[in-house]
>>> print(open('coords.csv').read())   # CSV, C-alpha atoms
chain,number,residue,atom,x,y,z
A,922,MET,CA,-51.3,-147.4,-310.5
A,923,LYS,CA,-54.7,-146.2,-309.5
A,924,PHE,CA,-56.4,-147.7,-306.5
A,925,ALA,CA,-58.6,-145.0,-305.1
A,926,ASP,CA,-60.0,-141.7,-306.5
A,927,ASP,CA,-57.9,-139.1,-308.3
A,928,ILE,CA,-58.7,-136.5,-305.6
A,929,VAL,CA,-57.6,-138.8,-302.7
A,930,ASN,CA,-54.3,-139.7,-304.6
A,931,THR,CA,-53.4,-136.1,-305.3
A,932,VAL,CA,-54.2,-134.7,-301.9
A,933,THR,CA,-52.3,-137.6,-300.2
A,934,ARG,CA,-49.2,-136.9,-302.3
A,935,ILE,CA,-49.3,-133.2,-301.3
A,936,ILE,CA,-50.1,-133.6,-297.6
A,937,LEU,CA,-48.1,-136.7,-296.5
A,938,PRO,CA,-44.7,-135.1,-295.9
A,939,PHE,CA,-46.2,-132.5,-293.7
A,940,ILE,CA,-48.0,-135.2,-291.6
A,941,MET,CA,-44.7,-137.0,-291.0
A,942,LEU,CA,-42.9,-133.8,-290.2
A,943,PHE,CA,-45.5,-132.9,-287.7
A,944,GLY,CA,-45.3,-136.3,-286.1
A,945,PHE,CA,-41.5,-136.0,-285.7
A,946,TYR,CA,-41.9,-132.5,-284.3
A,947,LEU,CA,-44.3,-133.8,-281.6
A,948,ILE,CA,-41.8,-136.5,-280.6
A,949,PHE,CA,-38.7,-134.3,-280.5
A,950,GLN,CA,-40.3,-131.4,-278.5
A,951,VAL,CA,-41.4,-133.6,-275.6
A,952,HIS,CA,-39.6,-131.5,-273.0
A,953,LEU,CA,-40.5,-128.1,-274.3
A,954,SER,CA,-44.1,-128.1,-275.3
A,955,PRO,CA,-47.2,-130.4,-275.0
A,956,GLY,CA,-46.8,-133.5,-277.0
A,957,GLY,CA,-44.7,-136.6,-276.2
A,958,GLY,CA,-44.1,-140.1,-277.4
A,959,PHE,CA,-47.7,-141.3,-277.6
A,960,SER,CA,-49.3,-138.5,-279.7
A,961,GLY,CA,-46.3,-138.3,-282.0
A,962,GLY,CA,-46.3,-142.0,-282.6
A,963,THR,CA,-50.0,-142.0,-283.4
A,964,VAL,CA,-49.6,-139.2,-286.0
A,965,ILE,CA,-46.8,-141.1,-287.7
A,966,GLY,CA,-48.8,-144.3,-287.7
A,967,SER,CA,-51.8,-142.5,-289.2
A,968,GLY,CA,-49.6,-141.2,-291.9
A,969,PHE,CA,-48.7,-144.7,-293.0
A,970,VAL,CA,-52.3,-145.8,-292.8
A,971,LEU,CA,-53.4,-143.0,-295.1
A,972,PHE,CA,-50.7,-144.0,-297.5
A,973,SER,CA,-51.8,-147.6,-297.7
A,974,LEU,CA,-55.5,-146.5,-298.0
A,975,SER,CA,-54.9,-144.5,-301.1
A,976,PHE,CA,-52.3,-146.5,-302.9
A,977,GLY,CA,-53.1,-150.2,-302.0
A,978,ILE,CA,-51.5,-152.6,-299.6
A,979,SER,CA,-49.0,-154.0,-302.1
A,980,VAL,CA,-47.3,-150.6,-302.5
A,981,GLN,CA,-47.0,-150.2,-298.8
A,982,GLU,CA,-45.4,-153.6,-298.4
A,983,LYS,CA,-42.4,-152.5,-300.5
A,984,LYS,CA,-41.9,-149.4,-298.3
A,985,LEU,CA,-42.3,-150.9,-294.9
A,986,SER,CA,-42.8,-154.7,-294.9
A,987,HIS,CA,-44.6,-156.7,-292.3
A,988,ARG,CA,-41.5,-158.2,-290.9
A,989,THR,CA,-39.8,-154.8,-290.5
A,990,SER,CA,-42.6,-153.3,-288.5
A,991,ALA,CA,-42.7,-156.3,-286.1
A,992,LEU,CA,-38.9,-155.9,-285.6
A,993,LEU,CA,-39.3,-152.2,-284.9
A,994,GLU,CA,-41.9,-152.8,-282.3
A,995,SER,CA,-39.7,-155.2,-280.3
A,996,TYR,CA,-36.7,-152.9,-280.6
A,997,GLY,CA,-38.6,-149.9,-279.2
A,998,GLY,CA,-39.4,-151.9,-276.0
A,999,LEU,CA,-35.9,-153.2,-275.8
A,1000,LEU,CA,-34.5,-149.7,-276.0
A,1001,TYR,CA,-36.5,-148.7,-272.9
A,1002,ILE,CA,-35.2,-151.7,-270.9
A,1003,PHE,CA,-31.7,-151.1,-272.0
A,1004,LEU,CA,-31.8,-147.5,-270.8
A,1005,GLY,CA,-33.1,-148.7,-267.5
A,1006,LEU,CA,-30.3,-151.3,-267.1
A,1007,LEU,CA,-27.7,-148.5,-268.0
A,1008,GLY,CA,-28.7,-147.0,-264.6
A,1009,VAL,CA,-28.0,-150.3,-262.8
A,1010,LEU,CA,-24.7,-150.8,-264.5
A,1011,THR,CA,-23.3,-147.5,-263.3
A,1012,GLY,CA,-24.3,-148.1,-259.7
A,1013,TYR,CA,-27.6,-146.3,-259.2
A,1014,ASN,CA,-31.2,-147.4,-259.3
A,1015,PHE,CA,-33.2,-148.8,-262.3
A,1016,LEU,CA,-34.2,-145.9,-264.7
A,1017,THR,CA,-32.4,-142.9,-263.1
A,1018,ASN,CA,-32.0,-139.6,-264.8
A,1019,ASN,CA,-29.8,-137.2,-262.9
A,1020,PRO,CA,-26.3,-138.7,-262.5
A,1021,VAL,CA,-26.3,-141.0,-265.5
A,1022,PHE,CA,-27.6,-138.9,-268.4
A,1023,PRO,CA,-26.3,-135.3,-269.0
A,1024,LEU,CA,-28.8,-132.6,-268.1
A,1025,GLY,CA,-28.0,-129.6,-270.4
A,1026,LYS,CA,-29.2,-126.0,-270.1
A,1027,PRO,CA,-33.0,-125.8,-269.8
A,1028,GLY,CA,-34.6,-124.8,-273.1
A,1029,ASN,CA,-32.1,-126.5,-275.4
A,1030,LEU,CA,-33.1,-129.3,-277.7
A,1031,PHE,CA,-30.8,-131.9,-276.2
A,1032,SER,CA,-31.3,-131.3,-272.5
A,1033,SER,CA,-33.0,-133.6,-270.0
A,1034,GLY,CA,-31.3,-136.8,-270.9
A,1035,LEU,CA,-33.6,-139.7,-270.2
A,1036,VAL,CA,-36.9,-137.9,-271.1
A,1037,LEU,CA,-36.0,-137.4,-274.8
A,1038,ILE,CA,-34.5,-140.9,-275.6
A,1039,VAL,CA,-37.2,-142.8,-273.9
A,1040,ASN,CA,-39.9,-140.9,-275.8
A,1041,ILE,CA,-38.2,-141.7,-279.1
A,1042,GLY,CA,-38.4,-145.4,-278.3
A,1043,LEU,CA,-42.1,-145.1,-277.2
A,1044,GLY,CA,-43.0,-143.2,-280.5
A,1045,ILE,CA,-41.5,-145.9,-282.6
A,1046,LYS,CA,-43.4,-148.6,-280.7
A,1047,VAL,CA,-46.8,-146.9,-280.9
A,1048,ALA,CA,-46.4,-146.1,-284.7
A,1049,SER,CA,-45.6,-149.8,-285.5
A,1050,THR,CA,-48.5,-150.9,-283.3
A,1051,ILE,CA,-50.9,-148.9,-285.4
A,1052,ILE,CA,-49.5,-150.1,-288.7
A,1053,THR,CA,-49.7,-153.8,-287.6
A,1054,LEU,CA,-53.2,-153.3,-286.3
A,1055,PHE,CA,-54.4,-151.9,-289.7
A,1056,ASP,CA,-52.6,-154.6,-291.7
A,1057,SER,CA,-54.2,-157.5,-289.7
A,1058,LEU,CA,-57.7,-156.1,-289.0
A,1059,GLY,CA,-58.6,-154.6,-292.4
A,1060,GLY,CA,-55.8,-155.3,-294.8
A,1061,GLU,CA,-56.7,-158.5,-296.5
A,1062,ASP,CA,-59.7,-157.0,-298.3
A,1063,LEU,CA,-57.8,-154.1,-299.7
A,1064,GLU,CA,-56.4,-155.8,-302.9
B,602,MET,CA,-89.8,-154.9,-272.0
B,603,LYS,CA,-86.0,-154.8,-272.3
B,604,GLN,CA,-86.1,-151.0,-272.6
B,605,THR,CA,-88.1,-150.5,-269.4
B,606,ILE,CA,-85.7,-152.7,-267.4
B,607,ALA,CA,-82.7,-150.8,-268.8
B,608,ILE,CA,-84.2,-147.4,-268.0
B,609,PHE,CA,-85.1,-148.5,-264.5
B,610,LEU,CA,-81.6,-149.7,-263.9
B,611,LEU,CA,-80.1,-146.4,-265.3
B,612,VAL,CA,-82.4,-144.3,-263.0
B,613,LEU,CA,-81.1,-146.2,-260.0
B,614,ILE,CA,-77.4,-145.9,-261.0
B,615,GLY,CA,-78.0,-142.2,-261.9
B,616,ILE,CA,-79.5,-141.2,-258.6
B,617,GLY,CA,-76.6,-142.9,-256.8
B,618,LEU,CA,-73.9,-141.1,-258.9
B,619,LEU,CA,-75.6,-137.7,-258.7
B,620,ASN,CA,-75.8,-138.0,-254.9
B,621,ILE,CA,-72.0,-138.7,-254.9
B,622,ILE,CA,-71.0,-135.7,-257.0
B,623,SER,CA,-73.2,-133.3,-255.1
B,624,GLU,CA,-71.2,-134.0,-252.0
B,625,MET,CA,-67.8,-133.4,-253.7
B,626,PRO,CA,-65.7,-130.3,-253.0
B,627,LYS,CA,-66.3,-127.3,-255.2
B,628,PHE,CA,-64.8,-127.4,-258.7
B,629,GLY,CA,-61.5,-125.5,-259.1
B,630,GLU,CA,-60.8,-124.3,-255.6
B,631,LYS,CA,-57.2,-124.1,-254.4
B,632,GLY,CA,-57.8,-125.9,-251.0
B,633,ASN,CA,-59.1,-129.1,-252.6
B,634,PRO,CA,-57.9,-132.4,-251.2
B,635,ALA,CA,-56.6,-133.3,-254.6
B,636,GLN,CA,-53.9,-130.5,-254.4
B,637,ASN,CA,-51.7,-131.8,-251.6
B,638,GLU,CA,-47.9,-131.8,-250.9
B,639,ILE,CA,-47.3,-134.1,-253.9
B,640,TYR,CA,-48.6,-131.3,-256.2
B,641,GLU,CA,-46.3,-128.8,-254.5
B,642,ARG,CA,-43.2,-131.0,-254.9
B,643,TYR,CA,-44.0,-131.6,-258.5
B,644,THR,CA,-44.7,-128.0,-259.5
B,645,GLU,CA,-41.8,-126.4,-257.6
B,646,LYS,CA,-38.9,-128.8,-258.1
B,647,SER,CA,-39.6,-130.7,-261.4
B,648,GLN,CA,-37.7,-128.3,-263.5
B,649,LYS,CA,-34.5,-128.4,-261.4
B,650,GLU,CA,-34.4,-132.1,-260.9
B,651,THR,CA,-35.3,-133.3,-264.4
B,652,GLY,CA,-34.3,-130.4,-266.6
B,653,SER,CA,-37.5,-130.5,-268.7
B,654,LEU,CA,-40.0,-127.7,-268.9
B,655,ASN,CA,-43.0,-129.9,-269.5
B,656,MET,CA,-44.2,-131.2,-266.2
B,657,VAL,CA,-46.5,-134.0,-267.5
B,658,SER,CA,-43.6,-135.5,-269.5
B,659,ALA,CA,-41.3,-135.3,-266.5
B,660,ILE,CA,-43.9,-137.1,-264.4
B,661,ILE,CA,-44.5,-140.0,-266.7
B,662,THR,CA,-40.9,-140.5,-267.9
B,663,ASP,CA,-38.8,-139.6,-264.9
B,664,TYR,CA,-40.7,-139.8,-261.6
B,665,ARG,CA,-43.0,-142.6,-262.6
B,666,ALA,CA,-41.0,-144.2,-265.4
B,667,PHE,CA,-41.9,-147.8,-264.3
B,668,ASP,CA,-45.6,-147.3,-265.0
B,669,THR,CA,-44.8,-146.3,-268.5
B,670,LEU,CA,-42.7,-149.5,-268.9
B,671,GLY,CA,-45.9,-151.4,-267.9
B,672,GLU,CA,-47.9,-149.5,-270.5
B,673,ALA,CA,-45.4,-150.4,-273.2
B,674,THR,CA,-45.9,-154.1,-272.1
B,675,VAL,CA,-49.6,-153.6,-272.5
B,676,LEU,CA,-49.2,-152.4,-276.1
B,677,PHE,CA,-47.0,-155.4,-276.9
B,678,ALA,CA,-49.4,-157.9,-275.3
B,679,THR,CA,-52.3,-156.4,-277.3
B,680,ILE,CA,-50.5,-156.9,-280.6
B,681,ALA,CA,-49.5,-160.4,-279.7
B,682,ALA,CA,-53.1,-161.3,-278.7
B,683,ILE,CA,-54.6,-159.8,-281.9
B,684,TYR,CA,-52.1,-161.5,-284.1
B,685,ALA,CA,-52.8,-164.9,-282.4
B,686,THR,CA,-56.5,-164.4,-282.8
B,687,LEU,CA,-56.6,-163.5,-286.4
B,688,MET,CA,-53.7,-165.3,-288.0
B,689,SER,CA,-54.9,-168.7,-286.9
B,690,ALA,CA,-58.1,-168.2,-288.9
B,691,VAL,CA,-56.0,-167.4,-292.0
B,692,ALA,CA,-53.9,-170.5,-291.4
B,693,HIS,CA,-57.0,-172.6,-291.1
B,694,LYS,CA,-58.4,-171.3,-294.3
B,695,LYS,CA,-55.1,-171.9,-296.2
B,696,ARG,CA,-54.9,-175.4,-294.9
B,697,ASP,CA,-58.5,-176.2,-295.9
B,698,ASN,CA,-57.9,-174.7,-299.4
B,699,ASN,CA,-54.7,-176.8,-299.8
B,700,ARG,CA,-56.6,-179.9,-298.7
B,701,ASN,CA,-59.4,-179.3,-301.2
B,702,LYS,CA,-57.0,-178.6,-304.0
B,703,LYS,CA,-55.1,-181.8,-303.3
B,704,HIS,CA,-58.3,-183.9,-303.4
B,705,GLY,CA,-59.4,-182.1,-306.6
B,706,ASP,CA,-56.1,-183.0,-308.3
B,707,ASP,CA,-56.3,-186.6,-307.3
B,708,GLN,CA,-59.7,-187.1,-309.0
C,1427,MET,CA,-79.0,-133.9,-252.9
C,1428,ARG,CA,-78.1,-130.3,-253.0
C,1429,PHE,CA,-78.9,-128.7,-256.3
C,1430,GLU,CA,-76.6,-125.7,-256.2
C,1431,THR,CA,-73.5,-127.8,-255.8
C,1432,LEU,CA,-74.7,-130.1,-258.5
C,1433,VAL,CA,-74.9,-127.2,-261.0
C,1434,ALA,CA,-71.7,-125.6,-259.8
C,1435,ASN,CA,-69.7,-128.8,-260.6
C,1436,PHE,CA,-71.1,-129.1,-264.1
C,1437,TYR,CA,-68.0,-131.0,-265.4
C,1438,TYR,CA,-68.7,-133.9,-263.1
C,1439,LEU,CA,-72.4,-133.7,-264.1
C,1440,ALA,CA,-71.4,-134.0,-267.8
C,1441,ALA,CA,-69.2,-137.0,-267.0
C,1442,VAL,CA,-72.0,-138.8,-265.2
C,1443,ILE,CA,-74.4,-138.0,-268.1
C,1444,PHE,CA,-71.9,-139.5,-270.6
C,1445,PHE,CA,-71.5,-142.6,-268.5
C,1446,LEU,CA,-75.3,-143.1,-268.4
C,1447,ILE,CA,-75.6,-142.6,-272.2
C,1448,GLY,CA,-72.8,-145.1,-272.8
C,1449,LEU,CA,-74.4,-147.7,-270.5
C,1450,TYR,CA,-77.8,-147.3,-272.2
C,1451,ILE,CA,-76.1,-147.9,-275.6
C,1452,MET,CA,-74.4,-151.0,-274.3
C,1453,LEU,CA,-77.6,-152.5,-272.8
C,1454,THR,CA,-80.2,-152.0,-275.5
C,1455,HIS,CA,-78.7,-152.2,-279.0
C,1456,PRO,CA,-78.5,-155.8,-280.3
C,1457,ASN,CA,-75.6,-155.1,-282.7
C,1458,LEU,CA,-72.2,-156.1,-281.5
C,1459,ILE,CA,-70.3,-153.2,-282.9
C,1460,LYS,CA,-72.6,-150.7,-281.3
C,1461,LYS,CA,-71.9,-152.3,-277.9
C,1462,VAL,CA,-68.2,-151.7,-278.5
C,1463,ILE,CA,-68.8,-148.1,-279.3
C,1464,GLY,CA,-70.8,-147.8,-276.0
C,1465,MET,CA,-67.8,-149.1,-274.0
C,1466,ASN,CA,-65.6,-146.5,-275.7
C,1467,ILE,CA,-68.0,-143.7,-274.6
C,1468,ILE,CA,-67.9,-145.0,-271.0
C,1469,ASP,CA,-64.1,-144.9,-271.0
C,1470,SER,CA,-64.1,-141.3,-272.4
C,1471,SER,CA,-66.4,-140.1,-269.6
C,1472,ILE,CA,-64.1,-141.5,-266.9
C,1473,PHE,CA,-61.1,-139.6,-268.4
C,1474,LEU,CA,-63.1,-136.4,-268.4
C,1475,PHE,CA,-64.0,-136.9,-264.8
C,1476,PHE,CA,-60.4,-137.5,-263.6
C,1477,VAL,CA,-58.9,-134.6,-265.6
C,1478,ALA,CA,-61.5,-132.2,-264.3
C,1479,VAL,CA,-60.7,-133.0,-260.7
C,1480,GLY,CA,-57.2,-131.4,-261.1
C,1481,TYR,CA,-58.3,-128.0,-262.3
C,1482,ILE,CA,-57.4,-124.8,-260.3
C,1483,GLU,CA,-59.3,-121.6,-260.9
C,1484,GLY,CA,-57.0,-119.0,-262.7
C,1485,GLY,CA,-54.2,-121.5,-263.2
C,1486,SER,CA,-52.1,-121.8,-266.4
C,1487,SER,CA,-51.1,-124.9,-268.3
C,1488,PRO,CA,-48.2,-126.9,-266.7
C,1489,ILE,CA,-45.4,-125.8,-268.9
C,1490,VAL,CA,-42.7,-123.9,-266.8
C,1491,GLU,CA,-42.1,-120.4,-268.0
C,1492,THR,CA,-38.8,-119.0,-266.7
C,1493,ALA,CA,-40.1,-115.5,-266.4
C,1494,GLU,CA,-41.5,-114.8,-263.0
C,1495,GLU,CA,-42.3,-116.5,-259.7
C,1496,GLY,CA,-45.6,-117.2,-258.0
C,1497,ILE,CA,-47.6,-118.6,-260.9
C,1498,ASN,CA,-50.4,-121.1,-260.3
C,1499,TYR,CA,-50.1,-124.2,-262.3
C,1500,VAL,CA,-53.0,-126.7,-263.0
C,1501,ASN,CA,-52.4,-130.0,-261.3
C,1502,PRO,CA,-50.4,-132.1,-263.8
C,1503,LEU,CA,-50.8,-135.4,-262.0
C,1504,PRO,CA,-54.3,-136.7,-263.1
C,1505,SER,CA,-53.4,-135.9,-266.8
C,1506,GLY,CA,-50.3,-138.0,-266.5
C,1507,LEU,CA,-52.2,-140.9,-265.0
C,1508,MET,CA,-54.9,-140.8,-267.6
C,1509,LEU,CA,-52.4,-141.3,-270.5
C,1510,THR,CA,-52.0,-144.9,-269.4
C,1511,GLY,CA,-55.7,-145.3,-269.3
C,1512,ILE,CA,-56.2,-144.0,-272.8
C,1513,VAL,CA,-53.7,-146.6,-274.1
C,1514,VAL,CA,-55.5,-149.4,-272.3
C,1515,SER,CA,-58.9,-148.3,-273.7
C,1516,VAL,CA,-57.6,-148.4,-277.2
C,1517,SER,CA,-56.1,-151.8,-276.7
C,1518,ILE,CA,-59.4,-153.2,-275.3
C,1519,THR,CA,-61.4,-151.8,-278.2
C,1520,ALA,CA,-58.9,-153.3,-280.8
C,1521,PHE,CA,-59.1,-156.7,-279.2
C,1522,ALA,CA,-62.9,-156.6,-279.0
C,1523,LEU,CA,-63.1,-155.9,-282.7
C,1524,ALA,CA,-60.7,-158.7,-283.5
C,1525,LEU,CA,-63.0,-161.1,-281.6
C,1526,ILE,CA,-66.0,-159.8,-283.4
C,1527,ILE,CA,-64.3,-160.7,-286.8
C,1528,ARG,CA,-63.9,-164.3,-285.6
C,1529,ILE,CA,-67.5,-164.4,-284.4
C,1530,TYR,CA,-68.8,-163.2,-287.7
C,1531,HIS,CA,-66.8,-165.8,-289.7
C,1532,PHE,CA,-68.2,-168.6,-287.4
C,1533,TYR,CA,-71.8,-167.6,-287.0
C,1534,GLY,CA,-72.5,-165.5,-290.1
C,1535,THR,CA,-74.4,-162.8,-288.3
C,1536,LEU,CA,-73.7,-159.9,-285.9
C,1537,ASN,CA,-77.0,-159.8,-284.0
C,1538,VAL,CA,-76.8,-161.0,-280.4
C,1539,GLU,CA,-80.4,-162.5,-280.4
C,1540,GLU,CA,-79.8,-164.5,-283.6
C,1541,ILE,CA,-76.5,-165.8,-282.2
C,1542,ALA,CA,-78.3,-167.0,-279.0
C,1543,VAL,CA,-80.9,-168.8,-281.2
C,1544,ILE,CA,-78.2,-170.5,-283.3
C,1545,ARG,CA,-76.3,-171.6,-280.1
C,1546,SER,CA,-79.5,-173.0,-278.5
C,1547,GLU,CA,-80.2,-175.1,-281.7
C,1548,GLN,CA,-76.7,-176.4,-281.9
C,1549,LYS,CA,-76.9,-178.4,-278.6
>>> encode(input="coords.csv", output="structure tokens")
Amino acid sequence: MKFADDIVNTVTRIILPFIMLFGFYLIFQVHLSPGGGFSGGTVIGSGFVLFSLSFGISVQEKKLSHRTSALLESYGGLLYIFLGLLGVLTGYNFLTNNPVFPLGKPGNLFSSGLVLIVNIGLGIKVASTIITLFDSLGGEDLE
Amino acid sequence: MKQTIAIFLLVLIGIGLLNIISEMPKFGEKGNPAQNEIYERYTEKSQKETGSLNMVSAIITDYRAFDTLGEATVLFATIAAIYATLMSAVAHKKRDNNRNKKHGDDQ
Amino acid sequence: MRFETLVANFYYLAAVIFFLIGLYIMLTHPNLIKKVIGMNIIDSSIFLFFVAVGYIEGGSSPIVETAEEGINYVNPLPSGLMLTGIVVSVSITAFALALIIRIYHFYGTLNVEEIAVIRSEQK
């Protein structure tokens, strides 16, 4: 089905996997290079917005419905609070890193326990925020 | 008339701000008051205590993780406020359309 | 006002100039969306000012390299604090645009002077 131009459709189909891969790379390399949860989440959200701009809102509703993105946003915040309460349940302060989560060798992918998992939750939250914003602010006019 | 008042106000504020930044310490020196013992603690010990090579990520998710929790709350409150502002208008329009359709069917 | 210090701290001078430009845009244009753009420019100037305070001459970016000792790092603390500020600025812009959508559906125009005329006639 054609919603926008031919050029926009073709370029979106070629580029969109690389945009998502770059977003996940920024989230997962939070402790090794500049990046983090906020910038990675914004890139993933912008990928979804590009998809719905060139193919129409009704196609995007099948891939990621409105209810799913609202649930994902709540679960991102709840993951943060659950990780903090894990520190309380084992006897230390709220949101501790050193004795509760395993610190590996510096430079590995799965080192520095709390930093990586919290940023994954933050990335999911920011991405679903941008998708919900686009759907409610400008989505009713796009078919 | 509005433009002259605006430019006069901007000149006043501009002179005040320029006086402030001409009294600030020199840009980029090592002995600035912004580089104190907190800076030394964060740059020397952040790699041993948190295990991450990125100092900014270690600051915002380990040393000051509670502020980032507040920021996640701000994101959630924004989405709730925008949804409440916009979806009530859609609900009003749908209710008015249903009401008009019902009256049209009766007649 | 000493002029040699003013020119030596040219990052702070650029931040003040952006602040004044944003304030001028907010004060004079009668369109509502242009006022929101002016508020966004003011926020960006504040972030530039704070991040420029933490710079050290000859310092490298704050990623630890496990090679040698005695490296100067740029102060990472103002950059971390301004991340929260950027998120708050985006939130305020989004909410202002949502309110502008409701105002347009109610009054039918985006001009501040025409809205004031309509409101004074409604009483």
>>> residues_around(input="coords.csv", residues="Gly1506 of chain C", least_positions_apart="4", cutoff="9 Å", atoms="only C-alpha atoms", output="list in words")
Val657, Ser658, Ile660 and Ile661 of chain B; Pro1502 and Thr1510 of chain C
>>> closest_residue(input="coords.csv", among="C:Leu1449, C:Ile1527, C:Ile1467, C:Val1479", to="chain A", atoms="only C-alpha atoms")
C:Ile1527
>>> closest_residue(input="coords.csv", among="C:Ile1512, C:Leu1525, C:Met1452, C:Ala1542", to="Ala685 of chain B", atoms="all atoms listed in the file")
C:Leu1525
>>> interface_residues(input="coords.csv", of="chain C", to="chain B", cutoff="8 Å", atoms="all atoms listed in the file", output="PyMOL selection string")
chain C and resi 1427-1429+1431-1432+1434-1435+1438-1439+1442+1446+1449-1450+1453-1454+1479-1483+1488-1491+1499+1501-1503+1505-1507+1510+1513-1514+1517+1520-1521+1524-1525+1528
>>> atom_distance(input="coords.csv", atom1="atom CA of Pro955 of chain A", atom2="atom CA of Lys646 of chain B")
18.9 Å
>>> interface_residues(input="coords.csv", of="chain A", to="chain B", cutoff="6 Å", atoms="only C-alpha atoms", output="ChimeraX atom specification")
/A:952-953,1027,1033,1036
>>> write_last_selection(input="coords.csv", atoms="C-alpha atoms", output="CSV table (one decimal), in the coordinates of the input")
chain,number,residue,atom,x,y,z
A,952,HIS,CA,-39.6,-131.5,-273.0
A,953,LEU,CA,-40.5,-128.1,-274.3
A,1027,PRO,CA,-33.0,-125.8,-269.8
A,1033,SER,CA,-33.0,-133.6,-270.0
A,1036,VAL,CA,-36.9,-137.9,-271.1
>>> interface_residues(input="coords.csv", of="chain A", to="chain C", cutoff="12 Å", atoms="all atoms listed in the file", output="list in words")
Val951, His952, Leu953, Ser954, Pro955, Gly956, Gly957, Gly958, Phe959, Ser960, Thr963, Pro1027, Gly1028, Val1047, Thr1050, Ile1051, Thr1053, Leu1054, Phe1055, Ser1057, Leu1058 and Gly1059 of chain A
>>> atom_distance(input="coords.csv", atom1="atom CA of Leu1458 of chain C", atom2="atom CA of Ala1522 of chain C")
9.6 Å
>>> residues_around(input="coords.csv", residues="segment 1533-1539 of chain C", least_positions_apart="6", cutoff="9 Å", atoms="all atoms listed in the file", output="list in words")
Pro1456, Asn1457, Leu1458, Ile1459 and Ile1526 of chain C
>>> residues_around(input="coords.csv", residues="Ile965 of chain A", least_positions_apart="2", cutoff="9 Å", atoms="all atoms listed in the file", output="list of chain:residue names")
A:Ile940, A:Met941, A:Leu942, A:Phe943, A:Gly944, A:Phe945, A:Ser960, A:Gly961, A:Gly962, A:Thr963, A:Ser967, A:Gly968, A:Phe969, A:Val970, A:Gly1044, A:Ile1045, A:Val1047, A:Ala1048
>>> atom_distance(input="coords.csv", atom1="atom CA of Pro1504 of chain C", atom2="atom CA of Leu1474 of chain C")
10.3 Å
>>> build_atoms(input="coords.csv", residues="segment 1019-1032 of chain A", atoms="N, CA and C atoms", output="PDB file, in the frame of the given file")
ATOM      1  N   ASN A1019     -30.704-138.342-263.230  1.00  0.00           N
ATOM      2  CA  ASN A1019     -29.800-137.200-262.900  1.00  0.00           C
ATOM      3  C   ASN A1019     -28.326-137.531-263.040  1.00  0.00           C
ATOM      4  N   PRO A1020     -27.756-138.548-262.392  1.00  0.00           N
ATOM      5  CA  PRO A1020     -26.300-138.700-262.500  1.00  0.00           C
ATOM      6  C   PRO A1020     -25.864-139.384-263.774  1.00  0.00           C
ATOM      7  N   VAL A1021     -26.752-140.163-264.398  1.00  0.00           N
ATOM      8  CA  VAL A1021     -26.300-141.000-265.500  1.00  0.00           C
ATOM      9  C   VAL A1021     -26.332-140.275-266.823  1.00  0.00           C
ATOM     10  N   PHE A1022     -27.430-139.543-267.103  1.00  0.00           N
ATOM     11  CA  PHE A1022     -27.600-138.900-268.400  1.00  0.00           C
ATOM     12  C   PHE A1022     -27.271-137.385-268.225  1.00  0.00           C
ATOM     13  N   PRO A1023     -26.673-136.730-269.216  1.00  0.00           N
ATOM     14  CA  PRO A1023     -26.300-135.300-269.000  1.00  0.00           C
ATOM     15  C   PRO A1023     -27.532-134.410-269.151  1.00  0.00           C
ATOM     16  N   LEU A1024     -27.733-133.577-268.113  1.00  0.00           N
ATOM     17  CA  LEU A1024     -28.800-132.600-268.100  1.00  0.00           C
ATOM     18  C   LEU A1024     -28.161-131.279-268.654  1.00  0.00           C
ATOM     19  N   GLY A1025     -28.612-130.809-269.821  1.00  0.00           N
ATOM     20  CA  GLY A1025     -28.000-129.600-270.400  1.00  0.00           C
ATOM     21  C   GLY A1025     -28.712-128.362-269.773  1.00  0.00           C
ATOM     22  N   LYS A1026     -28.614-127.264-270.531  1.00  0.00           N
ATOM     23  CA  LYS A1026     -29.200-126.000-270.100  1.00  0.00           C
ATOM     24  C   LYS A1026     -30.724-126.109-270.422  1.00  0.00           C
ATOM     25  N   PRO A1027     -31.614-125.701-269.500  1.00  0.00           N
ATOM     26  CA  PRO A1027     -33.000-125.800-269.800  1.00  0.00           C
ATOM     27  C   PRO A1027     -33.493-124.964-270.930  1.00  0.00           C
ATOM     28  N   GLY A1028     -34.187-125.545-271.892  1.00  0.00           N
ATOM     29  CA  GLY A1028     -34.600-124.800-273.100  1.00  0.00           C
ATOM     30  C   GLY A1028     -33.901-125.224-274.323  1.00  0.00           C
ATOM     31  N   ASN A1029     -32.771-125.949-274.221  1.00  0.00           N
ATOM     32  CA  ASN A1029     -32.100-126.500-275.400  1.00  0.00           C
ATOM     33  C   ASN A1029     -32.864-127.653-275.949  1.00  0.00           C
ATOM     34  N   LEU A1030     -32.478-128.089-277.157  1.00  0.00           N
ATOM     35  CA  LEU A1030     -33.100-129.300-277.700  1.00  0.00           C
ATOM     36  C   LEU A1030     -32.631-130.534-277.078  1.00  0.00           C
ATOM     37  N   PHE A1031     -31.340-130.629-276.788  1.00  0.00           N
ATOM     38  CA  PHE A1031     -30.800-131.900-276.200  1.00  0.00           C
ATOM     39  C   PHE A1031     -30.504-131.710-274.759  1.00  0.00           C
ATOM     40  N   SER A1032     -31.488-131.256-273.976  1.00  0.00           N
ATOM     41  CA  SER A1032     -31.300-131.300-272.500  1.00  0.00           C
ATOM     42  C   SER A1032     -32.165-132.424-271.989  1.00  0.00           C
TER      43      SER A1032
END
